[in-house]
Every structure is written in C-alpha cells, then in structure tokens.
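Here is the structure we will look at.
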Amino acid sequence: MATNRSGAAQRPNGAPQTKVCQFKLVLLGESAVGKSSLVLRFVKGQFHEYQESTIGAAFLTQTVCLDDTTVKFEIWDTAGQERYHSLAPMYYRGAQAAIVVYDITNQDTFGRAKNWVKELQRQASPSIVIALAGNKSDLAAKRMVEFEEAQAYADENGLLFMETSAKTAMNVNDIFLAIANKLPKSEGAGAAGAGGARRLADGEQPRPSSCCK
Amino acid sequence: MSTSSVDEIPDQSKDLFTQDGVLLKNCVGRPVTDLNSIGMLCIVQNADGTKCVEWRPNDLITIDSDTQDQEWAVVNTVGRRQRTLSGNMTSDYATLRARIIKIPLEELKTFKVTRNNQQMQFSTKQGVWQTTFYFQHGNAEIFVAYLKNHVKTAKTRHDRNTYVVVEPNVESQVLNRSFAELDIFTENTTDVVWNLVSNFKQRPYETTLEAFSKLTDIVYYGNEGLNGKRDVSEEVADLLTKSMSAMEDATTITKNEEYEVVSVKPTLPPRPCIPRGTPLSTEKWDALQDKDGRITEVEGVKQLIFRGGVAHSIRQSVWKHLLDYYPWQMSHSEIRAHQKKKTEEYFSMKLQWRSMTEGQESRFSEYRDRKSLVEKDVNRTDRTHPFYAGDNNPNLVVLQDILMTYVMYNFDLGYVQGMSDILAPLLLLLGNEVDSFWCFVGFMEKIASNFDMDQAGMKHQLLQLQQLLMFASPDLAQHLAQKDSGNMYFCFRWLLVWFKREFSHIDIMRLWEVLWTGLPCANFHLLICVAILDAEKDVLISKDYGFTEILKHVNDLSMSLDVDRILSTAEGIYHQIVSAPHLNDQIRIILGMEPLNMANSAHSGNSDRQEAGTSRTQTNGNETRTNGNEHTGPFGQDIDEVMYQIGLDMNF
C-alpha cells in the first residue's frame with residue numbers, strides 16, 4: 001500500500017482518480033501500552049516484542065483505500081510517560097482523529113485512557129474522532145479490564161472501541177479503517193475539523209485531488 | 001540570585017522574547033536623536049498579564065557613570081529577570097520608563113516585515129506605520145514568528161508581508177486554560193500605554209548582535225501565502241513617516257534604500273577541517289599516571305580524550321574518572337578505599353527498596369509508580385543488543401536494580417523515560433552494578449535537567465540550540481523558523497539522551513566520552529546538533545520540508561550518522577563561531593565563555609541580564625547544578641515556559 005504522498009496516483013490496483021483525504025491522527029495513552037507497536041503494525045506490518053520506548057515523538061504515514069476515497073493518515077506517535085504530558089497538546093492540536101490506547105492487562109492504563117479522552121474532549125478539536133483501543137488482547141489470560149466495561153465507557157462517550165493486538169495484528173487495520181470511515185470526507189463535513197482545512201492547505205505538495213477541504 | 005528586591009518593584013514585567021541589534025528607524029513623535037539608535041526589541045509580559053512589544057535603547061541597559069542609579073532603575077522596571085539590586089530605584093521611574101517604546105499588543109493593529117527580513121513596521125492605527133525597526137541580523141521573521149505566538153494574525157490580501165491582528169479565538173483560550181500553571185492570563189488589562197515620548201538621549205553604542213529569545217504563550221499562525229500588491233496604507237504610512245522625520249531633521253535617513261548600506265550580514269570565517277585524533281591508548285594512559293596512580297594532568301588527559309576518544313580496552317577505568325566516580329587525583333589505595341565506601345553506600349540504598357514489604361509498597365503509591373515505570377522501560381531497553389537480548393536476561397535485572405536504587409538515591413527526580421537509555425551503555429561497558437550505578441550518577445549530574453518535571457531543561461537547551469544555529473547557520477535557522485520548526489523540537493530525542501538513539505553502542509561510547517570532557521566549550525553537545533543539521537541543510541531546505549517531514553527526516557537519520565565526521569564538523573563549527581568577529585555575548589555565554597560586557601561591571605549589568613537568559617544550563621559538567629528541580633530561580637520559569645510554549649507552535 002502506498003505510504004507516500006499523492007496516494008491516489010500510486011494505488012496499486014490502478015484504480016483511477018479517487019478522492020484523497022489527509023488526516024492527522026495522534027496516539028495517546030500510558031507508557032508501554034503499545035502505541036508504537038500499533039502504529040508499526042499498521043504502517044509497516046511489523047511487531048517487535050521489545051519495542052523501545054518513544055522519546056519525543058515519531059511521525060509516520062499510512063494510506064488506506066476505502067470504496068471511493070483514499071485516506072492518508074499522518075500519524076503522531078507520542079511518548080506515554082506522564083513526565084512528557086506537557087508536550088501532548090502539541091500533538092493533538094489540529095488532529096482529526098485520536099486513538100487512545102490502554103493495556104487490557106493493566107487497570108491503571110484504562111484509567112489513564114479515560115483521562116486522555118477527557119482531555120481530548122475538553123481541549124482538542126470538537127469534531128475529533130476518538131477511538132479507544134484495548135491493546136494486548138493476545139494476553140487475555142491476564143485481563144484486568146473487561147471488554148464490556150470498556151465498551152460501555154466507549155458507548156457513553158461516543159468513542160469507537162476495539163480490543164486490539166499489535167502482536168497478532170488483530171483489529172489493528174480495522175480500527176484505523178473504522179476511523180477512516182468515520183472521518184468526514186465530504187467537502188462540507190470535512191471543514192468541521194479544526195486543523196483540517198489548514199493542514200491540507202499547507203500540507204504536502206503536490207496536493208491530490210481536492211476533498212475534505 | 002535573590003528575587004526579593006526585584007519582587008518589590010511595582011511594575012514587574014518580564015521579557016518573553018528579546019532580539020538585540022534592532023535599530024529604531026522611525027517613530028512617530030520621536031526626536032530625531034532617537035532614530036538610528038540601536039537597541040533591543042522585546043515581547044514583554046506586564047505584571048497584569050498584558051503584553052507589549054517594547055524597544056529599549058542599548059544605553060538603557062548599560063551602566064553609565066553619571067546616571068547609574070537611573071539606569072539601574074530602568075533595568076529593573078523593564079524586566080524582572082535582569083538583575084537583582086538594592087537601593088532606590090523608583091525615583092525617576094516614570095521618566096526613565098518613558099524612554100522606552102511600548103506597543104501594547106492589544107492595541108496593535110498591523111505589522112509587517114519588509115526589506116528581506118530586515119525591517120519591521122508596527123501600527124496601532126489602520127493605515128499608518130507608526131514605528132519602524134531595522135534588524136541588523138536580517139532576522140525579523142524570527143521576531144514575527146514569536147510575536148505570532150501572542151497575537152492571532154491574518155495576512156492581508158494585498159500584501160503577504162503585512163499581518164493584521166485579529167481577536168484571539170476560542171481555541172487559543174481553551175489551550176490557555178489547559179496550561180494553567182503558566183498562569184499568565186489571569187488578570188485584567190490595566191497598565192499598558194504606548195509611550196511616544198521624547199526625552200530619549202541618543203548615546204554611543206557598541207554594536208552587539210545578540211538574539212536571545214524568551215517566549216511564553218500560545219502560538220498562533222496566520223495563513224501563509226497570499227500574494228498581493230503593496231497595500232495602499234503602506235504607501236500612506238511611508239509618506240507619513242517620511243514627512244514626520246523630515247519635519248524634525250532633514251538629515252535623518254528614512255528612505256528604505258539607505259538601509260542597504262548597513263545591511264551587510266555578518267558571515268562566519270571558513271570552517272577549518274580538524275581531523276580527529278587517535279584514541280587515548282593504554283600506554284599513554286599508564287604514562288599519565290604517577291606511580292601511585294594519580295592523574296595530575298587532568299586537562300591534558302581530557303584534551304587527548306576530546307581529540308580521539310578512549311581506546312576500548314581502557315574505557316572502564318577512564319570512564320570512572322570522566323564521570324566523576326573516581327576523583328582524578330586519587331592514588332590506587334585511595335581509590336580502593338573510595339570504592340569500598342561507595343559500594344557500601346550503594347548497597348545500603350539498594351537495601352532500602354529491597355527490604356520494602358508488599359504491604360509497605362501497597363501504601364506507597366509514589367514508590368509503586370516509579371517502580372512500574374522502571375519495569376516497563378527496562379523490559380524494552382536495547383533488547384536487540386546481545387548483552388540485553390533474550391528472555392530472563394540477568395543483565396536486565398541489574399539494569400532494573402540500578403535504576404531502582406537510583407530512585408532511592410534521588411527520589412524526587414525518580415525515574416524518567418530516557419534514563420534506561422543512558423544507563424544501558426554504561427552497564428554494558430562496565431559490567432559491574434556498583435560501578436555502573438556511580439557512573440550513571442555522574443552522567444545524570446551532567447544531564448539531570450533533561451528530566452525536569454516541567455521540561456525546563458530541555459526547553460532551555462532547545463532554545464540555546466536555536467540561537468547557536470541562528471549564529472552558525474542562519475539560512476537553515478531561518479528556514480526552520482519559517483517551517484514552524486524554530487522550536488527545534490525535532491532535536492528533542494537527540495538532547496534528551498545525548499544521541500543515544502542515533503548511534504550504535506560503539507559510536508555512542510565514543511561520542512559520550514568526548515562530550516564528558518566538557519571540551520572545547522560548554523554545551524558542545526549543542527554544536528553536535530548544529531553539525532548534524534548543517535550536514536542535512538541542503539536536504540531540509542531544498543525539499544521544503546514542513547514540521548512533520550523535518551521531524552521524520554531527523555528521526556530517520558538514526559544509525560546512519562558518522563560519529564567521527566560529526567565530531568570533526570562540530571569542532572570546526574566551534575572554531576568558526578569563536579573566531580567570528582561578530583561573536584556576541586549571547587553565544588559566548590552559551591559556550592561558557594566570559595561575556596565581553598562583563599567589563600562594565602563586575603557581576604552585573606548588561607551581562608547579568610544575558611546570563612539570566614542564556615547561561616543557566618548544564619554545561620557538560622562544568623557547572624555545579626545537581627538537580628533539575630533547582631531550575632526555578634527568579635528567571636527560571638520564564639525561560640522554561642519559552643520552549644514549552646513554543647512546543648505548541650505547531651501549525652497543523
């Protein structure tokens with residue numbers, strides 16, 4: 001799958017001109033819940049058991065093709081430790097989507113995820129699409145956060161929710177696709193995303209066919 | 001540095017950003033003697049939270065024998081960071097204050113940059129340019145970038161260089177609240193007035209090209225790129241300012257063309273190519289010690305290490321000295337005693353946490369949190385290296401034990417992500433728990449501020465890096481500023497763990513041991529950054545990367561850098577900088593050199609002011625500061641907020 005700019009032109013199946021939308025997505029969550037691993041699985045199809053901690057931030061892109069639209073994600077992967085919390089607004093500012101990650105084997109990380117959701121609801125763009133990812137679902141034997149509990153919380157807060165496993169790849173593409181589907185792609189709706197309009201306007205060039213202005 | 005007397009000053013404002021080398025070219029209502037004076041253009045936050053653009057002539061911050069008291073008074077009133085002093089400072093308060101030009105941001109209507117970033121004009125009235133400044137460095141865009149953090153602007157349709165100030169919007173207010181600790185928007189506006197006053201005396205000045213910047217606040221960028229014609233209002237303004245000046249003095253230079261005469265940009269001398277030396281060898285190391293094992297020629301040893309690093313076979317012993325575990329001048333027998341003492345000390349601290357019961361732990365959340373952080377990171381530190389690879393690797397236990405003991409050694413600092421990266425190569429080399437711990441302590445002494453709770457140390461260094469880059473590679477610095485990357489945030493990882501993630505283990509050992517020498521200057525690690533960036537300059541500029549691409553490009557340099565070439569380049573850049581004729585105090589202070597303005601007064605005045613802004617950093621171990629939490633002097637918070645808030649300066 002094309003990961004570079006102008007996704008439409010590079011679609012492997014040679015599909016002609018589709019709309020290309022570009023969205024900024026940020027990953028948030030407690031340290032060591034698997035944020036980088038989710039991104040790495042999604043973008044590169046890799047998994048490292050001992051993925052090193054993220055210092056500062058990492059930036060990756062991935063393009064997914066929906067029926068009539070190509071969605072390019074600009075993914076910001078952040079450091080999770082509380083010490084680096086003060087840097088977080090820099091990442092989620094202007095983001096159209098966020099994946100808040102917790103570790104299903106660690107109740108504390110679920111609490112922390114809720115705080116992230118709260119912070120995003122309070123301070124990020126009002127139209128941001130938030131997905132909650134209960135990662136490490138391959139470790140269900142050590143589960144500390146019940147699926148139903150998280151699902152109920154997600155429903156209450158209007159979040160997409162999936163349990164994922166970066167290790168087995170379970171639901172990883174799915175959660176990104178679900179986000180892609182939920183993101184506004186029509187011209188009118190897209191403008192609601194706070195940073196969206198501007199980001200696309202001065203984003204990478206040459207800019208693909210216009211949608212999600 | 002005490003704050004007490006400063007706190008008593010009624011008008012306690014602080015500089016958020018300052019730019020030296022700015023000439024006043026035009027100002028409505030100013031006598032002609034004021035024009036062409038050099039000074040400092042600042043973004044100032046007043047005590048009530050309002051802000052203004054402020055220009056101060058240089059002579060106001062220089063001690064002048066016949067008006068010393070007054071000068072001091074001014075120094076104090078314009079910025080609480082400047083210095084602490086005693087005595088009467090309020091007597092001529094109003095008069096002195098009037099010599100400064102202030103433009104309250106809330107009154108600012110438009111501003112524009114012209115003449116290739118050399119000139120900036122301000123207006124509080126639509127269509128009339130009331131004040132014009134000339135930037136000797138030709139870097140007005142930096143000032144604009146910072147100014148845009150404090151006012152929301154839009155570009156005019158007609159002129160891409162003209163910014164119209166618009167009302168702050170909702171999102172910025174939300175962001176403001178989210179950083180409540182900044183506490184800068186809490187009070188109402190009362191105080192600010194734009195003094196267009198005329199008792200300013202022009203004085204001789206030294207041309208100093210200094211730009212140290214401090215910034216707080218939320219960032220806002222206007223839209224880029226609207227091309228257009230020159231605004232009619234600009235023409236009107238030019239005419240007006242010309243006529244005003246003409247009225248006062250026919251000889252005043254106000255025509256734009258004239259500015260070219262003084263606009264020669266200083267350039268650095270050619271970069272010398274300095275080859276690396278050979279590593280300090282076993283033979284040489286042995287020869288450097290006297291029969292008892294004392295090393296007296298410490299500086300000489302450090303010079304050798306700086307030149308070529310240390311042969312791997314003797315790294316174990318040399319590092320213990322470099323990291324202040326073994327004092328250089330201890331004899332073998334003294335070292336043995338010292339080692340014994342340090343070993344006991346280590347194990348007593350280790351016992352403290354080892355003997356903690358489960359019950360205790362369950363009631364000690366702060367300890368539990370730290371322990372959990374350590375566990376999470378140890379488990380994923382350098383696991384691809386054979387020394388740490390594989391399940392149940394015993395070296396991971398040692399890593400964990402050292403970090404946990406460090407938590408007890410410095411509980412307040414605790415464990416912060418990045419520390420395991422710092423420790424891993426030490427343990428890998430030394431192989432011994434106690435030695436690794438004490439060497440880790442020594443390393444942490446040098447970089448503890450990297451792990452400040454509020455990121456103050458990191459922000460400060462990023463700021464210094466920006467200043468060095470502006471001096472050494474202005475093209476690149478300007479390009480980065482234009483690409484929302486003037487905050488240098490993309491170098492965060494480099495600085496936090498001293499390039500640990502950028503080099504292989506063997507290369508990082510070389511780089512670290514060179515940096516530990518503290519040679520050839522303070523903050524040489526920042527010149528390493530400059531050297532790496534300088535090598536990437538063409539790519540970064542030609543590809544016109546934006547903030548995200550810059551970060552990605554810089555992250556992706558990892559493991560492709562040549563340590564010896566970079567060290568050589570960094571040293572070359574160091575020599576370029578120090579031999580530059582326009583080397584200024586700002587840069588001198590960053591590099592740990594005595595500021596020239598010290599001559600004016602022993603410990604104070606102008607130089608102190610700069611020191612406050614720029615030198616408060618860890619300097620490769622040359623400073624005694626031991627804990628980042630001490631980072632909160634009277635000047636600390638402002639500068640710390642600077643990069644913190646620049647951190648928000650991302651135009652997504």
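Lettering and numbering for the structure tokens are positional, with chains as A, B, ... in the shown order, residues counted from 1 in each chain, and ligands counted from 1 in the shown order.
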
- Message: Residues of chain A within 7 Å of chain B, counting only C-alpha atoms, what are they? List them as a ChimeraX atom specification.
- Response: /A:32,50-53,55-56,58-59,81,83,87,89-90,94,123,195,199

Could you save those same residues with C-alpha atoms as a PDB file, in the first residue's frame?
ATOM      1  CA  ALA A  32       4.104   0.818  27.365  1.00  0.00           C
ATOM      2  CA  TYR A  50      10.518  -5.289  22.972  1.00  0.00           C
ATOM      3  CA  GLN A  51       9.658  -2.185  21.032  1.00  0.00           C
ATOM      4  CA  GLU A  52      11.758   0.571  22.547  1.00  0.00           C
ATOM      5  CA  SER A  53      10.108   3.460  24.303  1.00  0.00           C
ATOM      6  CA  ILE A  55      11.329   9.562  23.068  1.00  0.00           C
ATOM      7  CA  GLY A  56       9.822  12.802  21.906  1.00  0.00           C
ATOM      8  CA  ALA A  58       7.584   9.722  15.939  1.00  0.00           C
ATOM      9  CA  PHE A  59       5.787  10.554  12.775  1.00  0.00           C
ATOM     10  CA  GLN A  81       5.095   8.799  30.379  1.00  0.00           C
ATOM     11  CA  ARG A  83       6.533  13.446  32.552  1.00  0.00           C
ATOM     12  CA  LEU A  87       4.040  18.098  25.219  1.00  0.00           C
ATOM     13  CA  PRO A  89      -1.238  19.315  23.197  1.00  0.00           C
ATOM     14  CA  MET A  90       1.349  19.935  20.540  1.00  0.00           C
ATOM     15  CA  GLY A  94      -5.390  20.088  14.970  1.00  0.00           C
ATOM     16  CA  GLN A 123      -9.240  20.623  24.501  1.00  0.00           C
ATOM     17  CA  GLY A 195      -6.990  21.876  11.848  1.00  0.00           C
ATOM     18  CA  ARG A 199      -3.420  21.330   7.382  1.00  0.00           C
TER      19      ARG A 199
END

Using DSSP on the backbone coordinates, identify the residues of region 38-199 of chain A assigned to alpha helix (DSSP H); present them as a CSV table (one decimal) with C-alpha atoms, in the first residue's frame.
chain,number,residue,atom,x,y,z
A,38,LEU,CA,0.1,-0.5,16.9
A,39,VAL,CA,1.5,2.1,14.6
A,40,LEU,CA,4.3,-0.1,13.5
A,41,ARG,CA,1.9,-3.0,12.8
A,42,PHE,CA,-0.4,-0.7,10.9
A,43,VAL,CA,2.3,1.1,8.9
A,44,LYS,CA,4.9,-1.5,8.4
A,88,ALA,CA,0.8,16.3,24.3
A,89,PRO,CA,-1.2,19.3,23.2
A,90,MET,CA,1.3,19.9,20.5
A,91,TYR,CA,0.4,16.6,19.0
A,92,TYR,CA,-3.3,16.5,19.4
A,107,GLN,CA,-6.4,-1.4,35.0
A,108,ASP,CA,-4.3,1.8,35.7
A,109,THR,CA,-3.8,2.3,32.0
A,110,PHE,CA,-7.5,2.2,31.4
A,111,GLY,CA,-8.0,5.0,34.0
A,112,ARG,CA,-5.3,6.9,32.2
A,113,ALA,CA,-7.0,6.4,28.9
A,114,LYS,CA,-10.2,7.8,30.3
A,115,ASN,CA,-8.2,10.9,31.3
A,116,TRP,CA,-6.9,11.2,27.8
A,117,VAL,CA,-10.4,11.0,26.4
A,118,LYS,CA,-11.5,13.7,28.8
A,119,GLU,CA,-8.6,15.9,27.9
A,120,LEU,CA,-9.3,15.5,24.2
A,121,GLN,CA,-13.0,16.2,24.7
A,122,ARG,CA,-12.1,19.3,26.5
A,123,GLN,CA,-9.2,20.6,24.5
A,147,PHE,CA,-14.4,-5.8,27.4
A,148,GLU,CA,-17.9,-4.9,28.5
A,149,GLU,CA,-16.6,-2.2,30.9
A,150,ALA,CA,-14.6,-0.6,28.1
A,151,GLN,CA,-17.4,-1.0,25.6
A,152,ALA,CA,-19.9,0.7,27.9
A,153,TYR,CA,-17.5,3.5,28.6
A,154,ALA,CA,-16.9,3.9,24.8
A,155,ASP,CA,-20.6,4.0,24.1
A,156,GLU,CA,-21.2,6.6,26.8
A,157,ASN,CA,-18.6,8.8,25.3
A,172,VAL,CA,-5.2,-3.2,14.1
A,173,ASN,CA,-6.1,-2.4,10.5
A,174,ASP,CA,-9.7,-2.5,11.5
A,175,ILE,CA,-9.5,0.2,14.0
A,176,PHE,CA,-7.7,2.5,11.6
A,177,LEU,CA,-10.3,1.7,8.9
A,178,ALA,CA,-13.1,2.3,11.3
A,179,ILE,CA,-11.7,5.7,12.0
A,180,ALA,CA,-11.2,6.4,8.3
A,181,ASN,CA,-14.8,5.5,7.7
A,182,LYS,CA,-16.0,7.7,10.4
A,187,GLU,CA,-16.5,18.8,1.5
A,188,GLY,CA,-18.9,20.3,3.9
A,189,ALA,CA,-18.4,17.9,6.7
A,190,GLY,CA,-14.6,17.9,6.5
A,196,GLY,CA,-8.2,20.1,8.8
A,197,ALA,CA,-8.6,22.9,6.4
A,198,ARG,CA,-5.4,24.5,7.1
A,199,ARG,CA,-3.4,21.3,7.4

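Separating CA of Ala98 (chain A) from CA of Ile128 (chain A) is a distance of 7.2 Å.
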
- Query: Which residues, written as a list in words, have at least one atom at most 8 Å from Tyr134 (chain B), with only C-alpha atoms counted and residues fewer than 6 positions away on the same chain left out?
  - Reply: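 Counting only C-alpha atoms, the residues come to Val22, Leu23, Leu24, Lys25, Gln118, Gln119 and Met120 of chain B.
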
Can you tell me, as a PDB file with N, CA and C atoms, in the first residue's frame, what residues are no more than 7 Å from Met162 (chain A) when counting only C-alpha atoms, ignoring any on the same chain fewer than 4 positions away?
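Everything below was put into result_30.pdb:
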ATOM      1  N   LEU A 132     -10.984   4.194  21.041  1.00  0.00           N
ATOM      2  CA  LEU A 132     -10.369   3.593  22.220  1.00  0.00           C
ATOM      3  C   LEU A 132      -9.873   2.214  21.829  1.00  0.00           C
ATOM      4  N   ALA A 133      -8.612   1.959  22.098  1.00  0.00           N
ATOM      5  CA  ALA A 133      -8.043   0.656  21.747  1.00  0.00           C
ATOM      6  C   ALA A 133      -7.577  -0.051  23.003  1.00  0.00           C
ATOM      7  N   GLY A 134      -8.192  -1.197  23.291  1.00  0.00           N
ATOM      8  CA  GLY A 134      -7.737  -2.038  24.391  1.00  0.00           C
ATOM      9  C   GLY A 134      -6.708  -2.991  23.831  1.00  0.00           C
ATOM     10  N   ASN A 171      -7.448  -6.729  14.751  1.00  0.00           N
ATOM     11  CA  ASN A 171      -8.184  -5.458  14.807  1.00  0.00           C
ATOM     12  C   ASN A 171      -7.330  -4.213  14.585  1.00  0.00           C
ATOM     13  N   ILE A 175      -9.220  -0.974  13.229  1.00  0.00           N
ATOM     14  CA  ILE A 175      -9.519   0.241  13.997  1.00  0.00           C
ATOM     15  C   ILE A 175      -9.163   1.485  13.189  1.00  0.00           C
TER      16      ILE A 175
END

- For the atom pair CA of Thr54 (chain A) and CA of Lys446 (chain B), what is the interatomic distance in Å to one decimal place?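 Going from CA of Thr54 (chain A) over to CA of Lys446 (chain B) covers 22.3 Å.
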
- Message: Set the distance at 7 Å and use only C-alpha atoms: which residues neighbour Ser137 (chain A) once local chain neighbours fewer than 4 positions away are removed? I'd like the list as number ranges by chain.
- Response: A: 104, 163-165

- In Å, rounded to a single decimal, give me how far CA of Leu511 (chain B) is from CA of Leu557 (chain B).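 A separation of 16.0 Å between them.
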
- Task: Mind checking which residues fall within 8 Å of Lys125 (chain B), counting only C-alpha atoms, ignoring those fewer than 5 positions away in the same chain, and posting them as a PyMOL selection string?
- Result: chain B and resi 108-110

- For region 394-399 of chain B, list every protein, DNA or RNA residue within 9 Å, evaluated using only C-alpha atoms, and leave out those in the same chain fewer than 3 positions away; present the list as an MDAnalysis selection string. chainID B and resid 378:379 381 387:389 391 402:404 420 423:424 427:428 431:433

What residues in region 101-185 of chain A get the DSSP label strand (DSSP E)? Please answer as a PDB file with C-alpha atoms, in the first residue's frame.
ATOM      1  CA  VAL A 101      -4.688   3.148  23.894  1.00  0.00           C
ATOM      2  CA  TYR A 102      -4.745   1.146  27.086  1.00  0.00           C
ATOM      3  CA  ASP A 103      -3.432  -2.241  28.045  1.00  0.00           C
ATOM      4  CA  VAL A 129     -12.886  11.224  16.084  1.00  0.00           C
ATOM      5  CA  ILE A 130     -11.683   9.299  19.084  1.00  0.00           C
ATOM      6  CA  ALA A 131     -11.101   5.580  19.107  1.00  0.00           C
ATOM      7  CA  LEU A 132     -10.369   3.593  22.220  1.00  0.00           C
ATOM      8  CA  ALA A 133      -8.043   0.656  21.747  1.00  0.00           C
ATOM      9  CA  GLY A 134      -7.737  -2.038  24.391  1.00  0.00           C
ATOM     10  CA  ASN A 135      -4.403  -3.395  23.291  1.00  0.00           C
ATOM     11  CA  LEU A 160     -15.065   3.846  18.543  1.00  0.00           C
ATOM     12  CA  PHE A 161     -13.851   0.886  20.501  1.00  0.00           C
ATOM     13  CA  MET A 162     -11.953  -2.270  19.707  1.00  0.00           C
ATOM     14  CA  GLU A 163      -9.696  -4.602  21.516  1.00  0.00           C
TER      15      GLU A 163
END
